[in-house]
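Accompanying notes for the structure given below.
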Amino acid sequence: MIIHLSALDLALAAALVLGLAWLSVWARLDVAPRLLIAALRTTVQLLLVGLVLEALFASARLPWIALMALVMLAVAGREVMARQKRRFGGGWGYALGTLTMFVSAFTTTLFALLVIIGNQPWYAPQYAIPLLGMLLGNTMNGVALALDRLTTGAWQQRGVIEAHLSLGHDWRTAIGDISRESARVGMIPIINAMAAAGIVSLPGMMTGQILSGTSPIEAVKYQILIMFLIAAGTGFATLLASWIGARRLFDERWRLRLDRLR
Amino acid sequence: MPVLVTDAIHALHLQPLTFTVGAAECVCLSGPSGAGKSILLRAIADLIPHAGDARLDDRWCSRMTPTEWRRQVGYLPAESFWWSDRVGDHFADPAAVEFDALGFGSEVLDWEIGRLSTGERQRLALLRLLANRPRALLLDEPTASLDPDNVLRVESLLSRYREQHRAPVLWVSHDTAQRARLAHRVLHLDGGRLVEAAA
């Protein structure tokens, strides 16, 4: 059985963060305000989502679950956009990340729910929401990294890209190295996480299940499933984002259009 | 007999410009910096969005695939860029390239791009462009960072190429003496307009 946490328990942990904030002010690190705001956001956001999930689990109706999923996607899309130094202007800046995450994370989650887990009903929120959350969170990292690398790469290496173009190479050749590098960069975090899982780090979901009393082997199986789903979801989204993003950097006459970034 | 013709081509602050560069003709383009000489060349090479069109003989740029047009209308930018570490990786068929005409031996293929001087890069960029066998040439100050010997080498290589392939050449040059040596005609670009100047 799980040991319930009291407000005092959380306050003790919060005291550690306050201590860190005080130390960082003393060391003039200039991160104290950000640290405190982030800690506050964690508290408020998680409490809110806890309330929402309680209500959602109690009702377990598909439209509400779908709405929750869309809200998660919308926020993830905004986050991807905010993390890019040079993003696509207009609707593309938001749509590119959101669309690739939608295609990849949603399909992977549906696949897991329908084919692998086979729950009744398939959209049972205890499974659907945490799964989608983990997939979206990781896909978001991958897509944000890939797009940021793609656009800054194109910006810095515009001369090389145009050297290709002016010699009559097609746009795929011109951006090839940059586009491949961006896809690689987006996939590296999950590859590293899989390589280190269990030895260096105990993944969060598995730890959580073990804390709540699940047998370690059962928790490990779920963790492996999640790792694979995240790898596939992140990988597909990253590839898609770097392909579509690369194409969007060129127009119909295959000119490099950095004016589409801002 | 390739002829390069522009039809009211314009981009950014340029006025619509219509002019012809005949077969085997060398037209030098002069004008103050910022006048838009590079913009004009890049518009003709179809590297930037522009209005108007250009044609080589009777084949319009807008009717060709971009890759086909850019292979035929070779554009040499003022600054050269390289995508691989080794010189040789930038040439599909090094045996067919006249490295010796610009003072390089065959060992140049193994040289590292990062260790080349600006002048060496500029000469190699020209060889890389000519290896495509373009039918017309757009040259943006191709001799800007070369010593006098190499300026003459580049000029004679390009003259030979122009004669041999009857290629129209549009050559941006700030050097009055060079324009006097090379130009059949001089076009002066200022305030977005082209004026025929004395050669």
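Following the order of the structure tokens, first chain is A, next is B, and so on, with residues numbered from 1 inside each chain and ligands from 1 in the order they appear.
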I need the residues in chain B that are alpha helix (DSSP H) according to DSSP; give them as a PyMOL selection string.
chain B and resi 37-44+66-72+118-130+148-165+176-182
Find the spatial neighbours of stretch 92-106 of chain B, counting only C-alpha atoms, within a cut-off of 7 Å - ignore same-chain residues fewer than 3 positions away - and output them as a list of chain:residue names.
B:Leu109, B:Arg123, B:Leu127, B:Ala131, B:Asn150, B:Arg153, B:Val154, B:Leu157
Listing only residues of chain A within 7 Å of chain B, what is the closest atom pair and its distance in Å (to one decimal) for each, using only C-alpha atoms, sorted by chain and residue number ascending, as a tab-separated table?
```
residue	atom	partner	partner_atom	distance
A:Gly159	CA	B:Phe81	CA	5.7
A:Val160	CA	B:Phe81	CA	5.0
A:Ala163	CA	B:Phe81	CA	6.0
A:Ser166	CA	B:Arg70	CA	5.7
A:Leu167	CA	B:Arg71	CA	5.8
A:Gly168	CA	B:Thr67	CA	4.2
A:His169	CA	B:Thr67	CA	6.0
A:Asp170	CA	B:Thr67	CA	6.1
A:Arg253	CA	B:Pro66	CA	5.7
A:Trp254	CA	B:Pro66	CA	6.6
A:Arg255	CA	B:Leu47	CA	5.2
```
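Between atom CA of A:Arg257 and atom CA of A:Asp148 the interatomic distance comes to 16.2 Å.
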Residues at most 8 Å from stretch 110-120 of chain A, counting only C-alpha atoms, excluding those fewer than 5 positions away in the same chain, as a list in words?
Tyr127, Ala128 and Leu229 of chain A
Could you please take those selected residues and save N, CA, C and O atoms as a short mmCIF file (atom, residue, chain, number, x, y, z; two decimals), in the first residue's frame?
```cif
data_model
loop_
_atom_site.label_atom_id
_atom_site.label_comp_id
_atom_site.auth_asym_id
_atom_site.auth_seq_id
_atom_site.Cartn_x
_atom_site.Cartn_y
_atom_site.Cartn_z
N TYR A 127 -5.28 4.82 -18.40
CA TYR A 127 -4.22 4.42 -19.33
C TYR A 127 -3.97 5.49 -20.39
O TYR A 127 -2.83 5.87 -20.66
N ALA A 128 -5.08 5.97 -20.99
CA ALA A 128 -4.93 6.86 -22.15
C ALA A 128 -4.18 8.14 -21.81
O ALA A 128 -3.24 8.52 -22.52
N LEU A 229 7.52 2.75 -27.14
CA LEU A 229 6.53 3.67 -27.72
C LEU A 229 7.12 5.07 -27.86
O LEU A 229 6.94 5.74 -28.88
#
```
Selection: 10 Å around A:Phe88, only C-alpha atoms, excl. self and same-chain fewer than 2 positions, as a compact mmCIF listing (two decimals) with N, CA, C and O atoms, in the first residue's frame:
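What landed in result.txt:
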```txt
# COMPACT_ATOMS: atom_id res chain seq x y z
N MET A 81 7.11 25.67 -30.23
CA MET A 81 7.34 26.94 -30.91
C MET A 81 8.22 27.85 -30.06
O MET A 81 9.16 28.47 -30.55
N GLN A 84 12.16 27.50 -30.02
CA GLN A 84 13.00 27.68 -31.21
C GLN A 84 13.48 29.11 -31.31
O GLN A 84 12.72 30.05 -31.17
N LYS A 85 14.78 29.23 -31.59
CA LYS A 85 15.37 30.55 -31.73
C LYS A 85 14.86 31.22 -33.00
O LYS A 85 14.47 32.37 -33.00
N ARG A 86 14.89 30.49 -34.11
CA ARG A 86 14.36 31.02 -35.37
C ARG A 86 13.26 30.08 -35.82
O ARG A 86 13.54 28.96 -36.23
N GLY A 90 4.28 33.13 -39.34
CA GLY A 90 2.88 32.84 -39.63
C GLY A 90 2.38 31.61 -38.91
O GLY A 90 2.92 31.23 -37.86
N GLY A 91 1.36 30.97 -39.45
CA GLY A 91 0.78 29.80 -38.81
C GLY A 91 1.72 28.60 -38.78
O GLY A 91 1.59 27.72 -37.93
N TRP A 92 2.69 28.61 -39.69
CA TRP A 92 3.59 27.46 -39.81
C TRP A 92 4.38 27.18 -38.53
O TRP A 92 4.65 26.05 -38.19
N GLY A 93 4.79 28.27 -37.84
CA GLY A 93 5.59 28.14 -36.64
C GLY A 93 4.90 27.23 -35.63
O GLY A 93 5.52 26.40 -34.99
N TYR A 94 3.58 27.41 -35.52
CA TYR A 94 2.82 26.62 -34.57
C TYR A 94 2.40 25.28 -35.18
O TYR A 94 2.51 24.23 -34.56
N ALA A 95 1.95 25.34 -36.43
CA ALA A 95 1.33 24.16 -37.06
C ALA A 95 2.33 23.03 -37.26
O ALA A 95 2.00 21.86 -37.05
N LEU A 96 3.55 23.36 -37.65
CA LEU A 96 4.52 22.32 -38.01
C LEU A 96 4.77 21.37 -36.83
O LEU A 96 4.63 20.15 -36.96
N LEU A 147 13.69 20.82 -34.89
CA LEU A 147 13.35 22.03 -35.65
C LEU A 147 14.32 23.16 -35.34
O LEU A 147 14.71 23.91 -36.24
N THR A 151 16.44 24.94 -38.34
CA THR A 151 16.33 26.33 -38.74
C THR A 151 17.62 27.10 -38.45
O THR A 151 18.07 27.89 -39.30
N GLY A 245 9.83 20.49 -42.41
CA GLY A 245 10.50 21.75 -42.15
C GLY A 245 11.51 22.07 -43.25
O GLY A 245 11.58 23.20 -43.74
N ARG A 248 9.81 23.22 -46.35
CA ARG A 248 9.22 24.54 -46.17
C ARG A 248 10.26 25.65 -46.29
O ARG A 248 9.94 26.81 -46.52
N LEU A 249 11.55 25.31 -46.13
CA LEU A 249 12.60 26.31 -46.27
C LEU A 249 12.83 26.68 -47.73
O LEU A 249 13.55 27.60 -48.05
N LEU A 258 14.83 31.96 -46.38
CA LEU A 258 15.02 32.22 -44.96
C LEU A 258 14.08 33.31 -44.46
O LEU A 258 13.92 33.50 -43.27
N ASP A 259 13.46 34.05 -45.41
CA ASP A 259 12.49 35.06 -44.98
C ASP A 259 11.24 34.42 -44.38
O ASP A 259 10.41 35.10 -43.82
N ARG A 260 11.12 33.08 -44.53
CA ARG A 260 9.99 32.42 -43.90
C ARG A 260 10.25 32.16 -42.42
O ARG A 260 9.37 31.72 -41.71
N LEU A 261 11.48 32.41 -41.99
CA LEU A 261 11.80 32.29 -40.56
C LEU A 261 11.77 33.68 -39.94
O LEU A 261 11.84 34.68 -40.63
N ARG A 262 11.67 33.70 -38.61
CA ARG A 262 11.81 35.00 -37.98
C ARG A 262 12.47 34.85 -36.62
O ARG A 262 12.57 33.75 -36.10
```
Which residues are close to stretch 176-181 of chain B, i.e. within 9 Å by only C-alpha atoms, leaving aside same-chain residues fewer than 5 positions away? Reply as a JSON list (two decimals) with all heavy atoms, in the first residue's frame.
```json
[["chain", "number", "residue", "atom", "x", "y", "z"],
["B", 27, "VAL", "N", 29.71, 41.09, -71.09],
["B", 27, "VAL", "CA", 29.15, 42.36, -70.64],
["B", 27, "VAL", "C", 29.57, 42.57, -69.19],
["B", 27, "VAL", "O", 29.30, 41.73, -68.34],
["B", 27, "VAL", "CB", 27.62, 42.35, -70.76],
["B", 27, "VAL", "CG1", 27.03, 43.60, -70.13],
["B", 27, "VAL", "CG2", 27.20, 42.23, -72.22],
["B", 28, "CYS", "N", 30.27, 43.69, -68.95],
["B", 28, "CYS", "CA", 30.67, 43.98, -67.58],
["B", 28, "CYS", "C", 29.60, 44.83, -66.92],
["B", 28, "CYS", "O", 29.02, 45.72, -67.53],
["B", 28, "CYS", "CB", 32.01, 44.70, -67.54],
["B", 28, "CYS", "SG", 33.40, 43.56, -67.67],
["B", 29, "LEU", "N", 29.38, 44.52, -65.64],
["B", 29, "LEU", "CA", 28.37, 45.23, -64.88],
["B", 29, "LEU", "C", 29.11, 46.05, -63.84],
["B", 29, "LEU", "O", 29.88, 45.51, -63.04],
["B", 29, "LEU", "CB", 27.44, 44.22, -64.23],
["B", 29, "LEU", "CG", 26.16, 44.70, -63.57],
["B", 29, "LEU", "CD1", 25.29, 45.43, -64.57],
["B", 29, "LEU", "CD2", 25.40, 43.50, -63.00],
["B", 30, "SER", "N", 28.90, 47.38, -63.86],
["B", 30, "SER", "CA", 29.55, 48.23, -62.86],
["B", 30, "SER", "C", 28.48, 48.94, -62.06],
["B", 30, "SER", "O", 27.30, 48.86, -62.38],
["B", 30, "SER", "CB", 30.47, 49.24, -63.54],
["B", 30, "SER", "OG", 29.69, 50.15, -64.29],
["B", 155, "GLU", "N", 41.18, 35.49, -66.10],
["B", 155, "GLU", "CA", 40.63, 36.18, -67.26],
["B", 155, "GLU", "C", 40.84, 35.37, -68.54],
["B", 155, "GLU", "O", 39.93, 35.24, -69.36],
["B", 155, "GLU", "CB", 41.26, 37.56, -67.41],
["B", 155, "GLU", "CG", 40.76, 38.55, -66.37],
["B", 155, "GLU", "CD", 41.46, 39.90, -66.48],
["B", 155, "GLU", "OE1", 42.28, 40.09, -67.41],
["B", 155, "GLU", "OE2", 41.18, 40.77, -65.62],
["B", 171, "TRP", "N", 29.58, 39.94, -66.15],
["B", 171, "TRP", "CA", 30.72, 39.96, -65.23],
["B", 171, "TRP", "C", 30.67, 41.23, -64.38],
["B", 171, "TRP", "O", 30.80, 42.32, -64.90],
["B", 171, "TRP", "CB", 32.01, 39.91, -66.08],
["B", 171, "TRP", "CG", 33.30, 39.79, -65.34],
["B", 171, "TRP", "CD1", 33.67, 40.47, -64.23],
["B", 171, "TRP", "CD2", 34.42, 38.97, -65.70],
["B", 171, "TRP", "NE1", 34.95, 40.11, -63.86],
["B", 171, "TRP", "CE2", 35.43, 39.19, -64.74],
["B", 171, "TRP", "CE3", 34.67, 38.06, -66.73],
["B", 171, "TRP", "CZ2", 36.66, 38.55, -64.78],
["B", 171, "TRP", "CZ3", 35.91, 37.42, -66.78],
["B", 171, "TRP", "CH2", 36.88, 37.65, -65.81],
["B", 186, "VAL", "N", 29.71, 47.76, -71.43],
["B", 186, "VAL", "CA", 29.62, 47.94, -69.98],
["B", 186, "VAL", "C", 28.23, 48.45, -69.66],
["B", 186, "VAL", "O", 27.74, 49.39, -70.29],
["B", 186, "VAL", "CB", 30.68, 48.96, -69.47],
["B", 186, "VAL", "CG1", 30.47, 49.21, -67.98],
["B", 186, "VAL", "CG2", 32.08, 48.44, -69.74],
["B", 199, "ALA", "N", 32.68, 51.45, -72.96],
["B", 199, "ALA", "CA", 33.49, 50.29, -72.62],
["B", 199, "ALA", "C", 34.92, 50.71, -72.32],
["B", 199, "ALA", "O", 35.37, 51.73, -72.78],
["B", 199, "ALA", "CB", 33.46, 49.27, -73.75]]
```
Nearest to A:Glu252: which of A:Trp171, A:Gly233, A:Met227, A:Ala15 is it, counting only C-alpha atoms?
A:Trp171
Which neighbours of stretch 141-149 of chain B fall inside 7 Å, counting only C-alpha atoms, when residues of the same chain fewer than 2 positions from it are skipped, and could you give them as a PyMOL selection string?
chain B and resi 78+118-119+122+139+151-153+171-173
I need the residues from that last selection saved to file as a PDB file, in the first residue's frame (with N, CA, C and O atoms), if you can.
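Written file, part-v4.pdb:
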```pdb
ATOM      1  N   ALA B  78      30.190  36.056 -54.983  1.00  0.00           N
ATOM      2  CA  ALA B  78      31.433  36.735 -54.604  1.00  0.00           C
ATOM      3  C   ALA B  78      32.200  35.928 -53.558  1.00  0.00           C
ATOM      4  O   ALA B  78      33.416  35.866 -53.570  1.00  0.00           O
ATOM      5  N   THR B 118      41.579  32.746 -49.257  1.00  0.00           N
ATOM      6  CA  THR B 118      40.387  33.239 -49.951  1.00  0.00           C
ATOM      7  C   THR B 118      40.565  33.158 -51.463  1.00  0.00           C
ATOM      8  O   THR B 118      39.656  32.773 -52.191  1.00  0.00           O
ATOM      9  N   GLY B 119      41.766  33.527 -51.923  1.00  0.00           N
ATOM     10  CA  GLY B 119      42.030  33.510 -53.357  1.00  0.00           C
ATOM     11  C   GLY B 119      41.981  32.109 -53.935  1.00  0.00           C
ATOM     12  O   GLY B 119      41.440  31.890 -55.020  1.00  0.00           O
ATOM     13  N   GLN B 122      38.461  31.088 -54.237  1.00  0.00           N
ATOM     14  CA  GLN B 122      37.779  31.759 -55.330  1.00  0.00           C
ATOM     15  C   GLN B 122      38.100  31.092 -56.675  1.00  0.00           C
ATOM     16  O   GLN B 122      37.220  30.867 -57.498  1.00  0.00           O
ATOM     17  N   LEU B 139      29.023  36.175 -63.235  1.00  0.00           N
ATOM     18  CA  LEU B 139      30.195  36.174 -62.362  1.00  0.00           C
ATOM     19  C   LEU B 139      30.195  37.401 -61.467  1.00  0.00           C
ATOM     20  O   LEU B 139      30.187  38.534 -61.947  1.00  0.00           O
ATOM     21  N   VAL B 151      44.776  36.926 -61.515  1.00  0.00           N
ATOM     22  CA  VAL B 151      43.716  37.668 -62.204  1.00  0.00           C
ATOM     23  C   VAL B 151      43.812  37.381 -63.698  1.00  0.00           C
ATOM     24  O   VAL B 151      42.819  37.058 -64.354  1.00  0.00           O
ATOM     25  N   LEU B 152      45.048  37.456 -64.224  1.00  0.00           N
ATOM     26  CA  LEU B 152      45.220  37.231 -65.663  1.00  0.00           C
ATOM     27  C   LEU B 152      44.895  35.786 -66.040  1.00  0.00           C
ATOM     28  O   LEU B 152      44.287  35.538 -67.081  1.00  0.00           O
ATOM     29  N   ARG B 153      45.302  34.835 -65.182  1.00  0.00           N
ATOM     30  CA  ARG B 153      44.982  33.428 -65.451  1.00  0.00           C
ATOM     31  C   ARG B 153      43.473  33.219 -65.545  1.00  0.00           C
ATOM     32  O   ARG B 153      42.980  32.570 -66.472  1.00  0.00           O
ATOM     33  N   TRP B 171      29.580  39.941 -66.145  1.00  0.00           N
ATOM     34  CA  TRP B 171      30.722  39.959 -65.226  1.00  0.00           C
ATOM     35  C   TRP B 171      30.672  41.226 -64.378  1.00  0.00           C
ATOM     36  O   TRP B 171      30.799  42.320 -64.904  1.00  0.00           O
ATOM     37  N   VAL B 172      30.479  41.064 -63.082  1.00  0.00           N
ATOM     38  CA  VAL B 172      30.498  42.230 -62.184  1.00  0.00           C
ATOM     39  C   VAL B 172      31.945  42.561 -61.872  1.00  0.00           C
ATOM     40  O   VAL B 172      32.695  41.707 -61.397  1.00  0.00           O
ATOM     41  N   SER B 173      32.353  43.800 -62.174  1.00  0.00           N
ATOM     42  CA  SER B 173      33.731  44.186 -61.921  1.00  0.00           C
ATOM     43  C   SER B 173      33.799  45.632 -61.468  1.00  0.00           C
ATOM     44  O   SER B 173      33.174  46.514 -62.029  1.00  0.00           O
TER      45      SER B 173
END
```
Judged by only C-alpha atoms, the minimum distance to B:Leu56 among B:Ala35, B:Val5, B:Leu182, B:Leu158 is found for B:Val5
Hey, can you check how far atom CA of A:Ala14 sits from atom CA of A:Leu136?
27.5 Å
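We find atom CA of B:Arg166 and atom CA of B:Gly22 to be spaced 8.8 Å apart.
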